[in-house]
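Asker: Take a look at protein01.cif, mmCIF, C-alpha atoms:
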data_work
#
loop_
_atom_site.label_atom_id
_atom_site.label_comp_id
_atom_site.auth_asym_id
_atom_site.auth_seq_id
_atom_site.Cartn_x
_atom_site.Cartn_y
_atom_site.Cartn_z
CA MET A 1 17.76 33.89 17.23
CA LYS A 2 17.22 30.90 14.92
CA GLU A 3 15.55 31.51 11.61
CA LYS A 4 12.15 29.97 11.21
CA MET A 5 12.17 27.28 8.56
CA GLU A 6 8.51 27.54 7.61
CA GLU A 7 9.12 28.50 4.01
CA VAL A 8 9.34 25.79 1.37
CA ILE A 9 12.91 24.89 0.56
CA GLU A 10 12.16 24.42 -3.12
CA ARG A 11 8.94 23.96 -5.05
CA GLU A 12 9.13 22.26 -8.40
CA ASN A 13 6.88 21.11 -11.20
CA VAL A 14 6.36 17.38 -10.67
CA PHE A 15 4.20 16.93 -13.78
CA THR A 16 7.04 15.91 -16.07
CA ILE A 17 7.46 13.14 -18.63
CA PRO A 18 9.99 11.14 -16.53
CA ASN A 19 7.73 11.27 -13.48
CA PHE A 20 4.73 10.22 -15.57
CA LEU A 21 6.68 7.25 -16.92
CA CYS A 22 7.78 6.28 -13.40
CA VAL A 23 4.18 6.34 -12.19
CA SER A 24 3.09 4.25 -15.20
CA ARG A 25 5.69 1.66 -14.21
CA ILE A 26 4.34 1.55 -10.68
CA ILE A 27 0.74 1.20 -11.95
CA ILE A 28 1.41 -1.75 -14.27
CA SER A 29 3.56 -3.62 -11.73
CA PRO A 30 0.67 -5.31 -9.85
CA TYR A 31 -0.96 -6.36 -13.12
CA LEU A 32 2.36 -7.76 -14.33
CA GLY A 33 2.56 -9.79 -11.14
CA TYR A 34 -0.97 -11.11 -11.71
CA VAL A 35 -0.11 -12.11 -15.29
CA ILE A 36 2.95 -14.01 -14.03
CA ILE A 37 0.89 -15.93 -11.46
CA GLN A 38 -1.49 -16.87 -14.28
CA SER A 39 1.55 -18.23 -16.19
CA ASN A 40 0.84 -15.99 -19.18
CA PHE A 41 4.55 -15.58 -19.86
CA GLN A 42 4.20 -14.04 -23.32
CA LEU A 43 2.13 -11.14 -22.02
CA ALA A 44 4.32 -10.90 -18.91
CA PHE A 45 7.46 -10.67 -21.02
CA GLY A 46 5.86 -7.98 -23.20
CA LEU A 47 4.86 -5.90 -20.16
CA PHE A 48 8.33 -6.36 -18.70
CA VAL A 49 9.91 -5.05 -21.91
CA PHE A 50 7.50 -2.08 -21.84
CA ALA A 51 8.52 -1.30 -18.26
CA GLY A 52 12.19 -1.50 -19.23
CA VAL A 53 11.67 0.86 -22.17
CA THR A 54 9.91 3.43 -19.97
CA ASP A 55 12.83 3.24 -17.54
CA LEU A 56 15.31 3.97 -20.33
CA ILE A 57 13.20 6.79 -21.77
CA ASP A 58 12.59 8.59 -18.47
CA GLY A 59 16.31 8.52 -17.69
CA TRP A 60 17.22 9.83 -21.13
CA VAL A 61 14.64 12.63 -21.00
CA ALA A 62 15.75 13.73 -17.52
CA ARG A 63 19.42 13.84 -18.59
CA THR A 64 18.78 15.52 -21.95
CA TYR A 65 16.27 18.13 -20.82
CA PRO A 66 17.19 19.68 -17.45
CA SER A 67 13.70 21.18 -17.08
CA GLN A 68 12.32 17.63 -16.94
CA ALA A 69 14.64 16.56 -14.11
CA THR A 70 13.13 16.89 -10.64
CA LYS A 71 14.30 16.21 -7.10
CA ILE A 72 11.24 14.06 -6.43
CA GLY A 73 12.14 12.14 -9.57
CA SER A 74 15.45 11.13 -7.96
CA PHE A 75 13.36 9.27 -5.37
CA LEU A 76 10.47 8.25 -7.63
CA ASP A 77 12.59 6.49 -10.25
CA PRO A 78 14.37 4.06 -7.89
CA MET A 79 11.10 3.63 -5.98
CA ALA A 80 9.36 2.54 -9.19
CA ASP A 81 12.22 0.14 -9.90
CA LYS A 82 12.01 -1.33 -6.40
CA ILE A 83 8.24 -1.85 -6.59
CA LEU A 84 8.59 -3.50 -10.00
CA VAL A 85 11.49 -5.72 -8.90
CA ALA A 86 9.76 -6.69 -5.65
CA ILE A 87 6.56 -7.76 -7.41
CA LEU A 88 8.49 -9.63 -10.10
CA PHE A 89 10.60 -11.57 -7.61
CA VAL A 90 7.70 -12.35 -5.27
CA THR A 91 5.49 -13.67 -8.07
CA LEU A 92 8.29 -15.61 -9.76
CA THR A 93 9.13 -17.14 -6.39
CA TYR A 94 5.44 -17.96 -5.83
CA ILE A 95 5.43 -20.05 -9.04
CA GLU A 96 8.77 -21.58 -8.00
CA LEU A 97 10.99 -20.11 -10.69
CA ILE A 98 13.23 -18.15 -8.29
CA PRO A 99 14.46 -19.43 -4.88
CA ILE A 100 12.88 -18.04 -1.73
CA PRO A 101 16.16 -17.02 0.03
CA LEU A 102 17.16 -14.81 -2.90
CA THR A 103 13.81 -13.02 -2.95
CA VAL A 104 13.89 -12.53 0.84
CA MET A 105 17.35 -10.98 0.53
CA ILE A 106 16.23 -8.56 -2.20
CA ILE A 107 13.00 -7.55 -0.44
CA ALA A 108 14.84 -7.01 2.87
CA ARG A 109 17.40 -4.72 1.24
CA ASP A 110 14.74 -2.72 -0.59
CA LEU A 111 12.61 -2.35 2.55
CA LEU A 112 15.59 -0.94 4.42
CA LEU A 113 16.22 1.54 1.59
CA VAL A 114 12.57 2.61 1.56
CA ILE A 115 12.62 3.13 5.34
CA ALA A 116 15.84 5.13 4.96
CA GLY A 117 14.14 7.26 2.30
CA PHE A 118 11.23 8.08 4.62
CA TYR A 119 13.71 8.92 7.39
CA ILE A 120 15.72 11.22 5.11
CA ARG A 121 12.51 12.95 4.08
CA TYR A 122 11.59 13.52 7.73
CA GLN A 123 15.06 14.75 8.69
CA SER A 124 15.30 17.13 5.73
CA LEU A 125 11.84 18.64 6.20
CA PRO A 126 12.03 22.01 8.00
CA PRO A 127 9.50 22.81 10.74
CA PRO A 128 6.60 22.54 11.00
CA LYS A 129 6.81 18.80 10.28
CA THR A 130 3.18 18.16 9.37
CA LEU A 131 1.75 15.26 7.38
CA PRO A 132 0.49 17.49 4.52
CA ARG A 133 3.95 19.02 4.12
CA TYR A 134 5.66 15.64 4.51
CA PHE A 135 3.64 14.15 1.64
CA ASP A 136 3.68 17.28 -0.51
CA VAL A 137 5.68 15.98 -3.50
CA THR A 138 6.19 19.51 -4.85
CA HIS A 139 8.15 20.36 -1.69
CA ALA A 140 11.67 19.13 -2.48
CA THR A 141 13.92 18.75 0.58
CA ALA A 142 16.46 16.11 -0.45
CA GLN A 143 17.98 14.52 -3.53
CA LEU A 144 19.00 10.88 -3.99
CA ALA A 145 22.04 9.67 -5.93
CA PRO A 146 22.14 5.86 -6.34
CA THR A 147 25.57 4.25 -6.09
CA PHE A 148 27.26 2.63 -9.09
CA VAL A 149 27.05 -0.78 -7.41
CA SER A 150 23.33 -0.28 -6.90
CA LYS A 151 22.87 0.44 -10.60
CA VAL A 152 24.81 -2.72 -11.47
CA ASN A 153 22.64 -4.67 -9.03
CA THR A 154 19.47 -3.39 -10.70
CA VAL A 155 20.77 -4.45 -14.13
CA VAL A 156 21.65 -7.93 -12.81
CA GLN A 157 18.27 -8.32 -11.09
CA LEU A 158 16.38 -7.34 -14.23
CA SER A 159 18.62 -9.61 -16.33
CA LEU A 160 17.63 -12.53 -14.11
CA VAL A 161 13.94 -11.65 -14.42
CA ALA A 162 14.20 -11.23 -18.19
CA THR A 163 15.97 -14.58 -18.57
CA THR A 164 13.45 -16.33 -16.31
CA LEU A 165 10.47 -14.89 -18.22
CA ALA A 166 12.05 -15.49 -21.62
CA SER A 167 12.81 -19.15 -20.91
CA PRO A 168 9.24 -20.47 -21.33
CA VAL A 169 8.51 -18.01 -24.15
CA PHE A 170 11.50 -18.81 -26.36
CA GLY A 171 11.87 -22.49 -25.64
CA GLY A 172 14.06 -22.71 -22.58
CA VAL A 173 17.35 -21.34 -21.28
CA ASN A 174 20.27 -23.35 -19.98
CA PRO A 175 19.54 -23.87 -16.25
CA GLU A 176 23.20 -23.22 -15.44
CA VAL A 177 22.83 -19.70 -16.85
CA ILE A 178 19.85 -18.98 -14.62
CA HIS A 179 21.55 -20.51 -11.58
CA GLY A 180 24.62 -18.39 -12.25
CA LEU A 181 22.43 -15.30 -12.33
CA TRP A 182 20.95 -16.33 -8.96
CA TYR A 183 24.38 -16.20 -7.33
CA LEU A 184 25.41 -13.04 -9.17
CA THR A 185 22.19 -11.33 -8.09
CA ALA A 186 22.77 -12.35 -4.46
CA ALA A 187 26.35 -11.06 -4.53
CA THR A 188 25.48 -7.69 -6.10
CA THR A 189 22.52 -7.27 -3.72
CA VAL A 190 24.82 -7.62 -0.71
CA ALA A 191 27.43 -5.35 -2.32
CA SER A 192 24.76 -2.76 -3.10
CA ALA A 193 23.52 -2.73 0.49
CA CYS A 194 27.07 -2.23 1.72
CA SER A 195 27.65 0.60 -0.77
CA TYR A 196 24.68 2.51 0.66
CA ILE A 197 25.87 1.92 4.22
CA PHE A 198 29.43 3.12 3.67
CA SER A 199 28.97 5.76 0.96
CA ARG A 200 28.46 9.38 2.03
CA ASN A 201 27.29 10.66 -1.34
CA THR A 202 24.03 8.75 -1.80
CA TYR A 203 21.84 11.67 -0.79
CA LYS A 204 22.01 15.35 0.05
CA TYR A 205 19.76 17.74 1.94
CA LEU A 206 18.64 20.80 0.02
CA LYS A 207 19.37 24.09 1.69
CA PRO A 208 16.55 26.60 2.16
CA LYS A 209 16.50 29.45 -0.29
CA LYS A 210 17.35 32.83 1.12
CA GLN A 211 14.43 35.18 1.21
CA ASP A 212 14.81 38.69 -0.18
CA LYS A 213 14.44 41.39 2.46
#
Spell out the structure here as structure tokens.
Answerer:
Amino acid sequence: MKEKMEEVIERENVFTIPNFLCVSRIIISPYLGYVIIQSNFQLAFGLFVFAGVTDLIDGWVARTYPSQATKIGSFLDPMADKILVAILFVTLTYIELIPIPLTVMIIARDLLLVIAGFYIRYQSLPPPKTLPRYFDVTHATAQLAPTFVSKVNTVVQLSLVATTLASPVFGGVNPEVIHGLWYLTAATTVASACSYIFSRNTYKYLKPKKQDK
């Protein structure tokens, strides 16, 4: 007789500093996009630096203090990065500072990863698979581990955005440098997508805890 999987696999405290910083990054992303469209590059660059600092701090806190590291954070952190990157690339493309094909490539890859994340959540959720349980962020069922290539890709993408935003603020950047970053970003984006497809260690399902009899 199969065991009923109605008990929560693992409940965790999601109200941590890293998670708060991730959410703050998600919240400011739309406003950052608006500022870019308004061509207020000084404010946009400042907000971008703030977002980058929060990314560094939440990672450091999660690594230094194990009690601050959460399973949901392993999904929330890259999700915040993807939302930020998507908005940055879309708005910079809208004002014609980044080519359309590059942005389409990045958005397509990130959409596939988001869809995969929702699928993993569904597959790892024990019965009953209800909407309240599916969206219960305290109910940890899987953990994500980004690939090394994906981390490199994120650094390259953000380097391109930083250079593009800094150019009008600090008096211009050699166009060849920016064009080189376009091609490097495209190459690492493709490599990152392939690393997720062929790697078997990008995520793991959490096993249900044994109940005391």
Asker: I'd like the contact shell of Val61 of chain A - 12 Å cut-off, all atoms listed in the file, skipping same-chain residues fewer than 2 positions apart - returned as a ChimeraX atom specification.
Answerer: /A:16-21,54-59,63-70,73
Asker: Care to translate the PyMOL selection byres ((chain A and resi 82) around 12) into actual residues of this file, as a ChimeraX atom specification?
Answerer: /A:22,25-26,29,75-81,83-90,106-114,150-151,153-154,157-158
Asker: Could you jot down the atom CA of Leu92 of chain A to atom CA of Thr164 of chain A separation for me, Å, one decimal place?
Answerer: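 So the answer is 8.4 Å.
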Asker: Name the residues in contact with Leu47 of chain A at a cut-off of 12 Å, using only C-alpha atoms, excluding same-chain residues fewer than 6 positions from it; report them as a PyMOL selection string.
Answerer: chain A and resi 24-25+27-36+40-41+53-54+84+88+162+165
Asker: Write the residues of the selection above to a file with C-alpha atoms, as a compact mmCIF listing (two decimals), in the coordinates of the input.
Answerer:
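Writing the result to again23.txt gives the following:
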# COMPACT_ATOMS: atom_id res chain seq x y z
CA SER A 24 3.09 4.25 -15.20
CA ARG A 25 5.69 1.66 -14.21
CA ILE A 27 0.74 1.20 -11.95
CA ILE A 28 1.41 -1.75 -14.27
CA SER A 29 3.56 -3.62 -11.73
CA PRO A 30 0.67 -5.31 -9.85
CA TYR A 31 -0.96 -6.36 -13.12
CA LEU A 32 2.36 -7.76 -14.33
CA GLY A 33 2.56 -9.79 -11.14
CA TYR A 34 -0.97 -11.11 -11.71
CA VAL A 35 -0.11 -12.11 -15.29
CA ILE A 36 2.95 -14.01 -14.03
CA ASN A 40 0.84 -15.99 -19.18
CA PHE A 41 4.55 -15.58 -19.86
CA VAL A 53 11.67 0.86 -22.17
CA THR A 54 9.91 3.43 -19.97
CA LEU A 84 8.59 -3.50 -10.00
CA LEU A 88 8.49 -9.63 -10.10
CA ALA A 162 14.20 -11.23 -18.19
CA LEU A 165 10.47 -14.89 -18.22
Asker: Name the residues that the PyMOL selection byres ((chain A and resi 183) around 12) pulls out of this structure, and write them as number ranges by chain.
Answerer: A: 98-99, 101-103, 105, 153, 156-157, 160, 176-182, 184-190
